[in-house]
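Source file: protein.csv. Holds: CSV, C-alpha atoms.
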```csv
chain,number,residue,atom,x,y,z
A,15,MET,CA,44.0,-3.5,-52.0
A,16,ALA,CA,44.6,-0.8,-49.4
A,17,THR,CA,44.9,2.8,-50.4
A,18,ALA,CA,47.4,5.1,-48.9
A,19,ARG,CA,46.0,7.7,-46.6
A,20,PRO,CA,47.2,11.3,-47.4
A,21,LYS,CA,50.2,12.3,-45.2
A,22,PRO,CA,49.1,15.1,-42.8
A,23,LYS,CA,50.8,18.5,-43.1
A,24,VAL,CA,53.4,19.2,-40.5
A,25,ILE,CA,52.4,22.9,-40.5
A,26,SER,CA,49.6,24.9,-41.8
A,27,VAL,CA,49.7,28.6,-42.8
A,28,THR,CA,46.9,31.1,-42.4
A,29,GLU,CA,46.0,33.4,-45.3
A,30,ALA,CA,47.4,36.4,-43.3
A,31,ALA,CA,50.8,34.6,-42.9
A,32,ALA,CA,50.9,33.5,-46.5
A,33,GLY,CA,50.1,37.1,-47.7
A,34,ARG,CA,52.9,38.5,-45.6
A,35,VAL,CA,55.4,35.9,-46.9
A,36,ARG,CA,54.5,36.6,-50.5
A,37,GLU,CA,54.9,40.3,-49.8
A,38,ILE,CA,58.3,39.9,-48.3
A,39,MET,CA,59.5,37.4,-51.0
A,40,SER,CA,58.4,39.7,-53.8
A,41,SER,CA,60.7,42.4,-52.6
A,42,ARG,CA,63.8,40.1,-52.9
A,43,ASP,CA,66.0,40.0,-56.0
A,44,ASP,CA,67.4,36.6,-55.5
A,45,GLU,CA,65.8,33.3,-56.3
A,46,ILE,CA,63.8,32.3,-53.3
A,47,ILE,CA,61.7,29.0,-53.6
A,48,GLY,CA,60.1,29.2,-50.2
A,49,LEU,CA,60.3,29.7,-46.5
A,50,ARG,CA,62.5,27.4,-44.3
A,51,ILE,CA,61.1,26.9,-40.8
A,52,GLY,CA,62.7,25.1,-37.9
A,53,VAL,CA,63.6,25.1,-34.3
A,54,LYS,CA,66.9,25.6,-32.5
A,55,ASN,CA,68.2,25.2,-29.0
A,56,GLY,CA,68.6,28.4,-27.1
A,57,GLY,CA,66.9,31.2,-25.1
A,58,CYS,CA,65.8,31.1,-21.6
A,59,ALA,CA,62.9,28.7,-22.3
A,60,GLY,CA,65.1,26.2,-24.2
A,61,MET,CA,64.2,26.6,-27.9
A,62,SER,CA,63.2,29.1,-30.5
A,63,TYR,CA,61.6,29.1,-33.9
A,64,THR,CA,63.7,29.8,-36.9
A,65,MET,CA,62.6,31.3,-40.3
A,66,ASP,CA,64.8,31.9,-43.3
A,67,TYR,CA,64.5,32.2,-47.1
A,68,ALA,CA,65.0,28.9,-48.9
A,69,THR,CA,66.9,28.9,-52.1
A,70,GLU,CA,67.1,25.2,-52.5
A,71,ILE,CA,65.4,22.0,-51.3
A,72,ASN,CA,67.6,19.7,-49.1
A,73,PRO,CA,67.1,16.0,-49.8
A,74,LEU,CA,65.4,15.3,-46.4
A,75,ASP,CA,63.3,18.5,-46.1
A,76,GLU,CA,59.6,18.1,-45.4
A,77,ILE,CA,57.8,20.1,-48.0
A,78,VAL,CA,54.5,21.7,-47.2
A,79,GLU,CA,52.5,23.6,-49.9
A,80,ASP,CA,49.8,25.7,-48.2
A,81,GLN,CA,48.0,28.9,-49.2
A,82,GLY,CA,50.1,29.3,-52.3
A,83,ILE,CA,53.5,29.2,-50.5
A,84,THR,CA,56.1,26.5,-50.0
A,85,VAL,CA,57.4,25.8,-46.5
A,86,LEU,CA,60.5,23.6,-46.1
A,87,ILE,CA,61.0,22.0,-42.7
A,88,ASP,CA,64.3,20.4,-41.5
A,89,PRO,CA,63.6,16.7,-40.6
A,90,LYS,CA,65.0,17.3,-37.1
A,91,ALA,CA,62.2,19.9,-36.5
A,92,VAL,CA,59.2,17.8,-37.7
A,93,LEU,CA,58.2,16.3,-34.4
A,94,PHE,CA,58.5,19.7,-32.6
A,95,LEU,CA,56.3,21.4,-35.3
A,96,LEU,CA,53.7,18.7,-36.0
A,97,GLY,CA,50.3,20.3,-35.9
A,98,THR,CA,51.5,23.9,-35.8
A,99,GLN,CA,49.7,26.8,-37.5
A,100,MET,CA,51.8,29.8,-38.6
A,101,ASP,CA,49.9,33.1,-38.5
A,102,TYR,CA,50.7,36.7,-38.9
A,103,GLU,CA,49.3,39.1,-36.4
A,104,VAL,CA,49.2,42.9,-36.4
A,105,SER,CA,48.5,44.8,-33.2
A,106,THR,CA,48.8,48.4,-32.0
A,107,LEU,CA,52.3,47.9,-30.8
A,108,SER,CA,53.8,45.1,-32.9
A,109,SER,CA,53.4,42.8,-35.8
A,110,GLY,CA,54.9,39.5,-36.6
A,111,PHE,CA,54.7,35.8,-37.3
A,112,VAL,CA,53.1,33.7,-34.6
A,113,PHE,CA,53.3,29.9,-34.2
A,114,ASN,CA,50.3,28.3,-32.6
A,115,ASN,CA,52.0,25.0,-31.7
A,116,PRO,CA,50.1,22.3,-29.7
A,117,ASN,CA,53.5,20.9,-28.7
A,118,GLN,CA,54.6,24.1,-27.0
A,119,THR,CA,54.5,23.7,-23.2
A,120,SER,CA,55.6,27.2,-22.1
A,121,ALA,CA,57.3,30.4,-23.3
A,122,CYS,CA,59.6,32.9,-21.7
A,123,GLY,CA,58.4,36.3,-20.6
A,124,CYS,CA,60.0,38.1,-23.4
A,125,GLY,CA,58.5,35.8,-26.0
A,126,GLU,CA,61.8,35.0,-27.8
A,127,SER,CA,62.0,31.4,-26.8
A,128,VAL,CA,59.7,28.5,-26.0
A,129,ALA,CA,59.7,25.0,-24.5
A,130,ILE,CA,58.5,22.4,-26.9
A,131,THR,CA,57.9,18.7,-26.3
A,132,PRO,CA,58.1,16.5,-29.4
A,133,ALA,CA,54.8,15.1,-30.6
A,134,ASN,CA,54.0,11.7,-29.2
A,135,GLN,CA,52.4,8.7,-30.8
A,136,GLU,CA,48.8,9.7,-29.8
A,137,ALA,CA,49.3,13.2,-31.4
A,138,LEU,CA,50.6,11.5,-34.6
A,139,GLN,CA,47.6,9.3,-34.7
A,140,ALA,CA,45.1,12.1,-34.0
A,141,LEU,CA,46.7,14.2,-36.8
A,142,SER,CA,46.6,11.3,-39.2
A,143,ALA,CA,42.9,10.7,-38.5
A,144,ASN,CA,42.0,14.3,-39.5
```

Show this structure as structure tokens.
Amino acid sequence: MATARPKPKVISVTEAAAGRVREIMSSRDDEIIGLRIGVKNGGCAGMSYTMDYATEINPLDEIVEDQGITVLIDPKAVLFLLGTQMDYEVSTLSSGFVFNNPNQTSACGCGESVAITPANQEALQALSAN
């Protein structure tokens, strides 16, 4: 009998990002169950990442548990985010969440939008093999 291989995570979260998410969520009074991440059309490069508080799980959401936080991903964004690592970086002039996305092909000069190609079959197979 064949055994099912574990499903790969669409996105992974660094400890720095998870720590910042926990810090932000702890200051909120409402019932937040996780972080909702997605992509939307717009910006000069074509797409931008979205982040919002999640107060409920939608029936088709992809649910990722990593570093002690819950990330919910809209099913339309899965192929654009597959293999992405979310980090939180602090520098002298700025701080913020950063998406290290293997599907990202370019970004605009201001850093507000990106061009993302959906993951192809080879990328799906490589991720599944890990």

Could you build a table of the residues in region 26-59 of chain A lying no more than 12 Å from region 72-76 of chain A, giving for each the nearest pair of atoms and their separation in Å rounded to one decimal place, using all atoms listed in the file, ordered by chain and ascending residue number, as a tab-separated table?
```
residue	atom	partner	partner_atom	distance
A:Ile47	CA	A:Asn72	CA	11.9
A:Gly48	CA	A:Asp75	CA	11.9
A:Leu49	CA	A:Asp75	CA	11.6
A:Arg50	CA	A:Asp75	CA	9.1
A:Ile51	CA	A:Glu76	CA	10.0
A:Gly52	CA	A:Asp75	CA	10.5
```

Do you have the CA of Met65 (chain A)-CA of Ser41 (chain A) distance handy?
-> 16.7 Å

Distance CA of Asp88 (chain A)-CA of Asp101 (chain A), one decimal place?
-> 19.4 Å

Could you state the separation of CA of Asp43 (chain A) and CA of Ile71 (chain A) in Å, given to one decimal place?
->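 Calculated distance between CA of Asp43 (chain A) and CA of Ile71 (chain A) is 18.6 Å.
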
Tell me which of A:Gly60, A:Ala68, A:Lys21, A:Ile77 sits closest to Arg42 (chain A), counting all atoms listed in the file.
->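 Of the candidates, the smallest distance to Arg42 (chain A) is held by A:Ala68.
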
With all atoms listed in the file as the atoms that count, which of A:Ile46, A:Val35, A:Ile83, A:Ala133 lies nearest to Gly97 (chain A)?
-> A:Ala133

Residues within 10 Å of Phe111 (chain A), please, as a PDB file with C-alpha atoms, keeping the file's coordinate frame. Count only C-alpha atoms; anything in the same chain fewer than 4 positions from it doesn't count.
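Written file, around-v6.pdb:
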```
ATOM      1  CA  ALA A  30      47.400  36.400 -43.300  1.00  0.00           C
ATOM      2  CA  ALA A  31      50.800  34.600 -42.900  1.00  0.00           C
ATOM      3  CA  ARG A  34      52.900  38.500 -45.600  1.00  0.00           C
ATOM      4  CA  VAL A  35      55.400  35.900 -46.900  1.00  0.00           C
ATOM      5  CA  MET A  65      62.600  31.300 -40.300  1.00  0.00           C
ATOM      6  CA  MET A 100      51.800  29.800 -38.600  1.00  0.00           C
ATOM      7  CA  ASP A 101      49.900  33.100 -38.500  1.00  0.00           C
ATOM      8  CA  TYR A 102      50.700  36.700 -38.900  1.00  0.00           C
ATOM      9  CA  GLU A 103      49.300  39.100 -36.400  1.00  0.00           C
ATOM     10  CA  VAL A 104      49.200  42.900 -36.400  1.00  0.00           C
TER      11      VAL A 104
END
```

Quick one: of A:Gly57, A:Pro116, A:Gly82, A:Pro89, who's nearest to Thr28 (chain A), counting only C-alpha atoms?
->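 Looking at the shortest contact to Thr28 (chain A), the residue is A:Gly82.
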
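In terms of minimum interatomic distance to Val78 (chain A), A:Pro22 ranks closest within A:Pro22, A:Gly110, A:Gly56, A:Pro132, counting all atoms listed in the file.
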